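Q: target.txt is reproduced below (compact mmCIF, C-alpha atoms).
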```txt
# COMPACT_ATOMS: atom_id res chain seq x y z
CA MET E 1 -42.74 66.98 79.88
CA ALA E 2 -43.03 65.24 83.24
CA ASP E 3 -45.89 62.83 83.75
CA HIS E 4 -47.81 65.65 85.42
CA PRO E 5 -47.04 69.12 84.09
CA PRO E 6 -46.97 72.15 86.43
CA LEU E 7 -50.42 73.06 87.78
CA VAL E 8 -50.55 76.35 85.89
CA ARG E 9 -48.55 77.30 82.81
CA ARG E 10 -48.84 80.88 81.62
CA HIS E 11 -49.45 81.94 78.07
CA SER E 12 -46.84 84.47 76.98
CA GLY E 13 -49.28 86.56 74.97
CA ASP E 14 -47.75 85.30 71.73
CA PHE E 15 -48.75 81.63 71.61
CA HIS E 16 -45.84 80.37 73.63
CA TRP E 17 -46.25 78.92 77.11
CA ASP E 18 -44.13 78.40 80.20
CA ASP E 19 -42.48 74.96 80.15
CA VAL E 20 -43.62 74.20 76.59
CA GLN E 21 -40.95 73.75 73.93
CA VAL E 22 -41.38 74.88 70.33
CA LEU E 23 -40.63 71.80 68.20
CA ARG E 24 -40.11 71.03 64.57
CA TYR E 25 -43.34 70.10 62.83
CA LYS E 26 -41.60 67.14 61.13
CA GLN E 27 -38.11 66.18 60.10
CA ASP E 28 -37.03 68.21 57.08
CA GLY E 29 -37.43 66.20 53.91
CA ALA E 30 -39.91 63.73 55.45
CA ALA E 31 -42.76 65.26 53.48
CA PRO E 32 -43.61 68.62 51.87
CA PHE E 33 -44.61 71.41 54.29
CA ARG E 34 -43.69 75.02 54.91
CA ASP E 35 -43.26 77.19 58.01
CA VAL E 36 -45.03 75.11 60.64
CA THR E 37 -44.16 74.71 64.34
CA ARG E 38 -45.49 72.26 66.92
CA GLN E 39 -45.92 72.54 70.69
CA VAL E 40 -47.21 69.71 72.89
CA LEU E 41 -49.51 71.23 75.51
CA PHE E 42 -50.84 68.11 77.24
CA GLU E 43 -49.76 64.49 77.08
CA GLY E 44 -49.43 61.52 79.41
CA ALA E 45 -50.82 62.05 82.92
CA GLY E 46 -53.38 59.29 82.52
CA LEU E 47 -54.74 60.48 79.18
CA PRO E 48 -54.23 58.33 76.06
CA VAL E 49 -54.16 61.46 73.86
CA GLN E 50 -51.99 64.45 73.07
CA LEU E 51 -53.17 68.03 72.72
CA ARG E 52 -50.79 69.91 70.45
CA TYR E 53 -50.66 73.50 69.18
CA PHE E 54 -49.56 73.95 65.57
CA GLU E 55 -48.80 77.29 64.06
CA VAL E 56 -48.55 77.87 60.33
CA ALA E 57 -46.78 81.14 59.45
CA PRO E 58 -48.26 83.42 56.75
CA GLY E 59 -47.91 81.64 53.41
CA GLY E 60 -47.17 78.30 55.08
CA TYR E 61 -48.95 74.97 54.95
CA THR E 62 -48.96 71.58 56.64
CA THR E 63 -48.28 68.33 54.81
CA LEU E 64 -51.08 67.04 52.60
CA GLU E 65 -51.60 63.57 54.07
CA ARG E 66 -54.06 61.05 55.47
CA HIS E 67 -54.01 58.38 58.19
CA GLU E 68 -56.28 56.09 60.15
CA HIS E 69 -56.25 58.21 63.31
CA VAL E 70 -58.60 61.17 63.56
CA HIS E 71 -57.75 64.82 64.13
CA ASN E 72 -59.96 67.05 66.25
CA VAL E 73 -59.01 70.66 65.67
CA MET E 74 -59.89 74.08 67.07
CA VAL E 75 -58.40 77.20 65.51
CA ILE E 76 -57.18 79.56 68.24
CA ARG E 77 -55.15 82.08 66.22
CA GLY E 78 -55.76 83.91 62.99
CA ARG E 79 -57.37 82.42 59.93
CA GLY E 80 -56.64 80.34 56.89
CA GLU E 81 -57.99 77.45 54.94
CA CYS E 82 -58.29 73.72 55.38
CA LEU E 83 -58.69 70.96 52.85
CA VAL E 84 -60.60 67.98 54.26
CA GLY E 85 -61.54 65.22 51.85
CA ASP E 86 -62.15 66.93 48.54
CA ARG E 87 -63.42 70.27 49.84
CA ALA E 88 -61.70 73.41 51.04
CA TRP E 89 -63.09 75.67 53.77
CA GLU E 90 -62.07 79.07 55.03
CA ILE E 91 -61.51 78.77 58.77
CA ALA E 92 -61.06 81.37 61.49
CA THR E 93 -60.49 81.55 65.24
CA HIS E 94 -62.56 79.09 67.29
CA ASP E 95 -63.89 77.14 64.30
CA LEU E 96 -63.83 73.36 64.78
CA VAL E 97 -62.51 70.86 62.22
CA ASN E 98 -62.88 67.09 62.32
CA VAL E 99 -60.65 64.96 60.09
CA PRO E 100 -62.15 61.43 59.85
CA PRO E 101 -60.01 58.32 59.27
CA LEU E 102 -58.15 58.05 55.95
CA THR E 103 -59.27 61.49 54.82
CA TRP E 104 -56.82 63.74 52.95
CA HIS E 105 -56.23 67.00 54.80
CA GLN E 106 -54.03 70.08 54.80
CA PHE E 107 -54.05 73.38 56.71
CA ARG E 108 -52.87 76.60 55.07
CA ALA E 109 -52.36 80.09 56.46
CA GLY E 110 -53.32 83.07 54.33
CA PRO E 111 -50.63 85.43 53.01
CA ASP E 112 -50.85 87.98 55.83
CA GLU E 113 -51.76 86.14 59.00
CA PRO E 114 -50.66 83.00 60.83
CA LEU E 115 -53.04 80.11 61.39
CA GLY E 116 -52.72 78.53 64.84
CA PHE E 117 -54.75 75.55 65.94
CA LEU E 118 -55.11 72.98 68.68
CA CYS E 119 -55.07 69.38 67.45
CA LEU E 120 -56.25 66.53 69.66
CA VAL E 121 -55.03 63.06 68.66
CA SER E 122 -54.68 59.60 70.11
CA ALA E 123 -51.26 59.03 71.70
CA GLU E 124 -50.86 55.84 69.64
CA ARG E 125 -51.33 56.54 65.99
CA ASP E 126 -50.45 55.23 62.55
CA ARG E 127 -47.96 56.84 60.20
CA PRO E 128 -49.30 59.36 57.67
CA GLN E 129 -49.68 58.33 54.04
CA LEU E 130 -48.69 60.74 51.28
CA PRO E 131 -50.68 61.20 48.07
CA THR E 132 -49.53 59.96 44.66
CA GLU E 133 -48.87 62.64 42.05
CA GLU E 134 -52.30 61.96 40.55
CA GLU E 135 -54.04 62.32 43.91
CA ARG E 136 -52.03 65.45 44.66
CA ALA E 137 -53.15 67.08 41.41
CA ARG E 138 -56.79 66.22 42.05
CA LEU E 139 -56.64 67.53 45.64
CA ALA E 140 -54.76 70.68 44.62
CA ALA E 141 -57.54 71.43 42.15
CA ALA E 142 -60.09 71.00 44.95
CA ALA E 143 -58.11 73.32 47.21
CA ARG E 144 -57.90 75.98 44.48
CA ARG E 145 -61.65 76.05 44.04
CA ALA E 146 -63.28 78.89 45.93
CA PRO E 147 -63.73 77.62 49.47
CA GLU E 148 -67.32 76.60 50.05
CA ASP E 149 -69.34 77.56 53.04
CA THR E 150 -70.49 74.78 55.34
CA GLY E 151 -74.00 76.18 55.14
CA GLY E 152 -74.70 75.62 58.84
CA GLY E 153 -77.00 73.06 60.51
CA MET L 1 -73.41 64.14 68.42
CA ALA L 2 -72.96 61.52 65.68
CA ASP L 3 -69.91 59.29 65.88
CA HIS L 4 -68.19 61.64 63.44
CA PRO L 5 -69.24 65.28 63.72
CA PRO L 6 -69.50 67.48 60.60
CA LEU L 7 -66.12 68.20 59.01
CA VAL L 8 -66.25 71.91 59.85
CA ARG L 9 -68.34 73.56 62.55
CA ARG L 10 -68.33 77.34 62.65
CA HIS L 11 -67.84 79.43 65.74
CA SER L 12 -70.64 81.96 66.07
CA GLY L 13 -68.38 84.73 67.36
CA ASP L 14 -69.85 84.34 70.84
CA PHE L 15 -68.60 80.95 72.02
CA HIS L 16 -71.37 78.95 70.48
CA TRP L 17 -70.83 76.60 67.56
CA ASP L 18 -72.86 75.04 64.76
CA ASP L 19 -74.28 71.67 65.84
CA VAL L 20 -73.11 72.04 69.45
CA GLN L 21 -75.77 72.20 72.16
CA VAL L 22 -75.47 74.34 75.27
CA LEU L 23 -76.01 71.95 78.20
CA ARG L 24 -76.50 72.23 81.92
CA TYR L 25 -73.25 72.09 83.81
CA LYS L 26 -74.77 69.63 86.31
CA GLN L 27 -78.20 68.76 87.60
CA ASP L 28 -79.46 71.47 89.92
CA GLY L 29 -78.95 70.49 93.53
CA ALA L 30 -76.28 67.89 92.73
CA ALA L 31 -73.56 70.13 94.14
CA PRO L 32 -72.98 73.84 94.72
CA PHE L 33 -72.17 75.89 91.60
CA ARG L 34 -73.34 79.10 89.97
CA ASP L 35 -73.89 80.24 86.37
CA VAL L 36 -71.95 77.62 84.44
CA THR L 37 -72.75 76.11 81.03
CA ARG L 38 -71.22 73.12 79.25
CA GLN L 39 -70.76 72.33 75.56
CA VAL L 40 -69.24 69.09 74.27
CA LEU L 41 -67.03 69.95 71.29
CA PHE L 42 -65.45 66.58 70.51
CA GLU L 43 -66.28 63.07 71.73
CA GLY L 44 -66.35 59.54 70.36
CA ALA L 45 -64.98 59.14 66.84
CA GLY L 46 -62.23 56.82 67.99
CA LEU L 47 -61.00 59.03 70.82
CA PRO L 48 -61.37 57.84 74.43
CA VAL L 49 -61.70 61.44 75.64
CA GLN L 50 -64.10 64.36 75.55
CA LEU L 51 -63.18 67.97 74.85
CA ARG L 52 -65.71 70.25 76.49
CA TYR L 53 -66.12 74.03 76.68
CA PHE L 54 -67.30 75.42 80.01
CA GLU L 55 -68.31 78.99 80.50
CA VAL L 56 -68.63 80.60 83.90
CA ALA L 57 -70.64 83.85 83.82
CA PRO L 58 -69.36 86.91 85.73
CA GLY L 59 -69.62 86.16 89.46
CA GLY L 60 -70.11 82.43 88.82
CA TYR L 61 -68.09 79.41 89.90
CA THR L 62 -67.81 75.68 89.26
CA THR L 63 -68.27 73.07 91.96
CA LEU L 64 -65.40 72.69 94.41
CA GLU L 65 -64.61 68.98 94.00
CA ARG L 66 -61.97 66.35 93.36
CA HIS L 67 -61.79 63.03 91.53
CA GLU L 68 -59.34 60.44 90.30
CA HIS L 69 -59.50 61.55 86.65
CA VAL L 70 -57.36 64.48 85.54
CA HIS L 71 -58.47 67.73 83.95
CA ASN L 72 -56.40 69.40 81.24
CA VAL L 73 -57.62 72.94 80.77
CA MET L 74 -56.98 75.87 78.42
CA VAL L 75 -58.71 79.18 79.04
CA ILE L 76 -60.08 80.56 75.75
CA ARG L 77 -62.30 83.40 76.98
CA GLY L 78 -61.86 86.13 79.54
CA ARG L 79 -60.18 85.72 82.87
CA GLY L 80 -60.79 84.55 86.40
CA GLU L 81 -59.25 82.45 89.09
CA CYS L 82 -58.68 78.78 89.73
CA LEU L 83 -58.10 76.92 92.94
CA VAL L 84 -55.96 73.80 92.46
CA GLY L 85 -54.85 71.94 95.57
CA ASP L 86 -54.41 74.58 98.22
CA ARG L 87 -53.38 77.48 95.98
CA ALA L 88 -55.30 79.99 93.93
CA TRP L 89 -54.05 81.46 90.65
CA GLU L 90 -55.30 84.26 88.48
CA ILE L 91 -55.79 82.86 84.99
CA ALA L 92 -56.40 84.52 81.65
CA THR L 93 -56.95 83.56 78.02
CA HIS L 94 -54.68 80.77 76.74
CA ASP L 95 -53.24 79.88 80.14
CA LEU L 96 -53.03 76.13 80.78
CA VAL L 97 -54.19 74.39 83.97
CA ASN L 98 -53.53 70.79 84.97
CA VAL L 99 -55.62 69.25 87.73
CA PRO L 100 -53.89 66.06 88.97
CA PRO L 101 -55.79 63.09 90.45
CA LEU L 102 -57.68 63.66 93.72
CA THR L 103 -56.82 67.36 93.80
CA TRP L 104 -59.43 69.85 94.96
CA HIS L 105 -60.24 72.40 92.26
CA GLN L 106 -62.65 75.16 91.39
CA PHE L 107 -62.87 77.77 88.61
CA ARG L 108 -64.28 81.23 89.27
CA ALA L 109 -65.05 84.11 86.94
CA GLY L 110 -64.33 87.64 88.10
CA PRO L 111 -67.19 90.09 88.72
CA ASP L 112 -67.12 91.71 85.26
CA GLU L 113 -66.04 89.12 82.76
CA PRO L 114 -66.91 85.51 81.92
CA LEU L 115 -64.32 82.76 82.21
CA GLY L 116 -64.49 80.24 79.36
CA PHE L 117 -62.22 77.22 79.14
CA LEU L 118 -61.65 74.01 77.26
CA CYS L 119 -61.44 70.92 79.46
CA LEU L 120 -60.03 67.65 78.18
CA VAL L 121 -61.01 64.53 80.13
CA SER L 122 -61.10 60.78 79.75
CA ALA L 123 -64.43 59.53 78.42
CA GLU L 124 -64.61 57.07 81.34
CA ARG L 125 -64.24 58.83 84.62
CA ASP L 126 -65.06 58.50 88.29
CA ARG L 127 -67.68 60.54 90.12
CA PRO L 128 -66.56 63.75 91.81
CA GLN L 129 -66.17 63.86 95.57
CA LEU L 130 -67.34 66.90 97.51
CA PRO L 131 -65.42 68.41 100.45
CA THR L 132 -66.52 68.14 104.06
CA GLU L 133 -67.39 71.41 105.79
CA GLU L 134 -63.95 71.44 107.38
CA GLU L 135 -62.19 70.94 104.05
CA ARG L 136 -64.41 73.57 102.45
CA ALA L 137 -63.46 76.14 105.09
CA ARG L 138 -59.76 75.38 104.67
CA LEU L 139 -59.96 75.59 100.88
CA ALA L 140 -62.08 78.76 100.95
CA ALA L 141 -59.38 80.39 103.06
CA ALA L 142 -56.78 79.35 100.49
CA ALA L 143 -58.91 80.78 97.68
CA ARG L 144 -59.32 84.09 99.54
CA ARG L 145 -55.59 84.56 99.89
CA ALA L 146 -54.15 86.85 97.25
CA PRO L 147 -53.57 84.64 94.22
CA GLU L 148 -49.91 83.81 93.89
CA ASP L 149 -47.96 84.02 90.70
CA THR L 150 -46.55 80.81 89.29
CA GLY L 151 -43.17 82.51 89.07
CA GLY L 152 -42.41 81.03 85.62
CA GLY L 153 -39.70 78.47 84.78
```
Please rewrite the model in this file as structure tokens.

A:
Amino acid sequence: MADHPPLVRRHSGDFHWDDVQVLRYKQDGAAPFRDVTRQVLFEGAGLPVQLRYFEVAPGGYTTLERHEHVHNVMVIRGRGECLVGDRAWEIATHDLVNVPPLTWHQFRAGPDEPLGFLCLVSAERDRPQLPTEEERARLAAAARRAPEDTGGG
Amino acid sequence: MADHPPLVRRHSGDFHWDDVQVLRYKQDGAAPFRDVTRQVLFEGAGLPVQLRYFEVAPGGYTTLERHEHVHNVMVIRGRGECLVGDRAWEIATHDLVNVPPLTWHQFRAGPDEPLGFLCLVSAERDRPQLPTEEERARLAAAARRAPEDTGGG
């Protein structure tokens, strides 16, 4: 993307945009994930952040990982579930998710619907850490528990 | 908002969120605008930006202004029109708008539908400049012209 993108970029109606490439989520084999794409919507142009759109196909999931940099997320398509720390939540369109530093997290689509979300991150960020087998088992158990409600206020 | 917001904040179904206040767009009398609200969705927490949600009620409009800092915008509700530089575009849900430095801009809802959009900005930013009467007349003429299509690619 040029330092300043075009003034207006149209949405196609199907979560693709003019002048926005659909990218791999990660290199294959870098870490476990399934059926995720990545599109960079805004970067550069005087802002020290990137705004990306990730889409997880039905049955797919992002890598279970943690890192120092924070994620600020808004769901804009469909519904699914997120694990943040040791709790799982059902999430749906326009819900907001905040992933604090060094907090394990994973996003999963349900079986019948994609989960698409905006993710705002710092342009300079540390590499993700992957869980040990022991941590993975503990977190998988947390994710399998019935998602809890946030309970509001 | 605390330095880290709650992990998950629910969308109400009507473009309000748990733990997010609906704020004035600007102080009354600061500059011309009509029927606009502001909600800060993400700020602080290690990110040198703010992600805000603005909603322009049917018939409303934001201030016609320009500033050094850039705006990165995604429409997430309804449709309307934006003026950027000396062109007007019709915009609808999920379209992306980039406002470069020192570029006049204004967002307008149509008569029957609100226009709601995310706006990503640097946390530190310069004060908006308002147009002279001459500039306002020139820009108003541009906005009255039939909105042009971006033409894709």

Q: Could you check how far CA of Asp112 (chain L) sits from CA of Gly59 (chain L), in Å to one decimal?

A: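 About the pair CA of Asp112 (chain L) and CA of Gly59 (chain L): they are 7.4 Å apart.
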
Q: If we count all atoms listed in the file, which residues of chain L reach to within 7 Å of chain E? Please list them as an NGL selection string.

A: :L and (5-11 or 18-19 or 42 or 47 or 72 or 94-99 or 122 or 150 or 152-153)

Q: Need the shell around region 23-31 of chain E: protein/DNA/RNA residues with any atom at most 10 Å away, counting only C-alpha atoms. Skip same-chain ones fewer than 6 positions apart. Format as a CSV table (one decimal) with C-alpha atoms, in the frame of the given file?

A:
```csv
chain,number,residue,atom,x,y,z
E,37,THR,CA,-44.2,74.7,64.3
E,38,ARG,CA,-45.5,72.3,66.9
E,39,GLN,CA,-45.9,72.5,70.7
E,40,VAL,CA,-47.2,69.7,72.9
E,54,PHE,CA,-49.6,74.0,65.6
E,55,GLU,CA,-48.8,77.3,64.1
E,56,VAL,CA,-48.6,77.9,60.3
E,62,THR,CA,-49.0,71.6,56.6
E,63,THR,CA,-48.3,68.3,54.8
E,64,LEU,CA,-51.1,67.0,52.6
E,65,GLU,CA,-51.6,63.6,54.1
E,128,PRO,CA,-49.3,59.4,57.7
E,129,GLN,CA,-49.7,58.3,54.0
E,130,LEU,CA,-48.7,60.7,51.3
```

Q: How many Å separate CA of Arg136 (chain L) from CA of Gln50 (chain L)?

A: 28.4 Å

Q: When you draw a straight line from CA of Arg66 (chain E) to CA of Glu124 (chain L), how long is it in Å?

A: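 Interatomic distance here is 28.2 Å.
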
Q: Fewer than 5 positions away in the same chain doesn't count, so skip those; otherwise give me all residues within 10 Å of Glu81 (chain E), counting only C-alpha atoms, as a list in words.

A: Tyr61, Ala88, Trp89, Glu90, Ile91, Ala92, Gln106, Phe107, Arg108, Ala109, Gly110, Leu115, Ala143 and Pro147 of chain E

Q: Counting all atoms listed in the file, which of L:Arg79, L:Pro114, L:Gln21, L:Thr103 gets nearest to Asp35 (chain L)?

A: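 Answer, going by the shortest atom-to-atom distance: L:Pro114.
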
Q: Go through L:His105, L:Arg52, L:Arg34, L:His67 one by one, measure the shortest atom-to-atom distance of each to Asp126 (chain L) using all atoms listed in the file, and give the residue with the smallest value.

A: L:His67
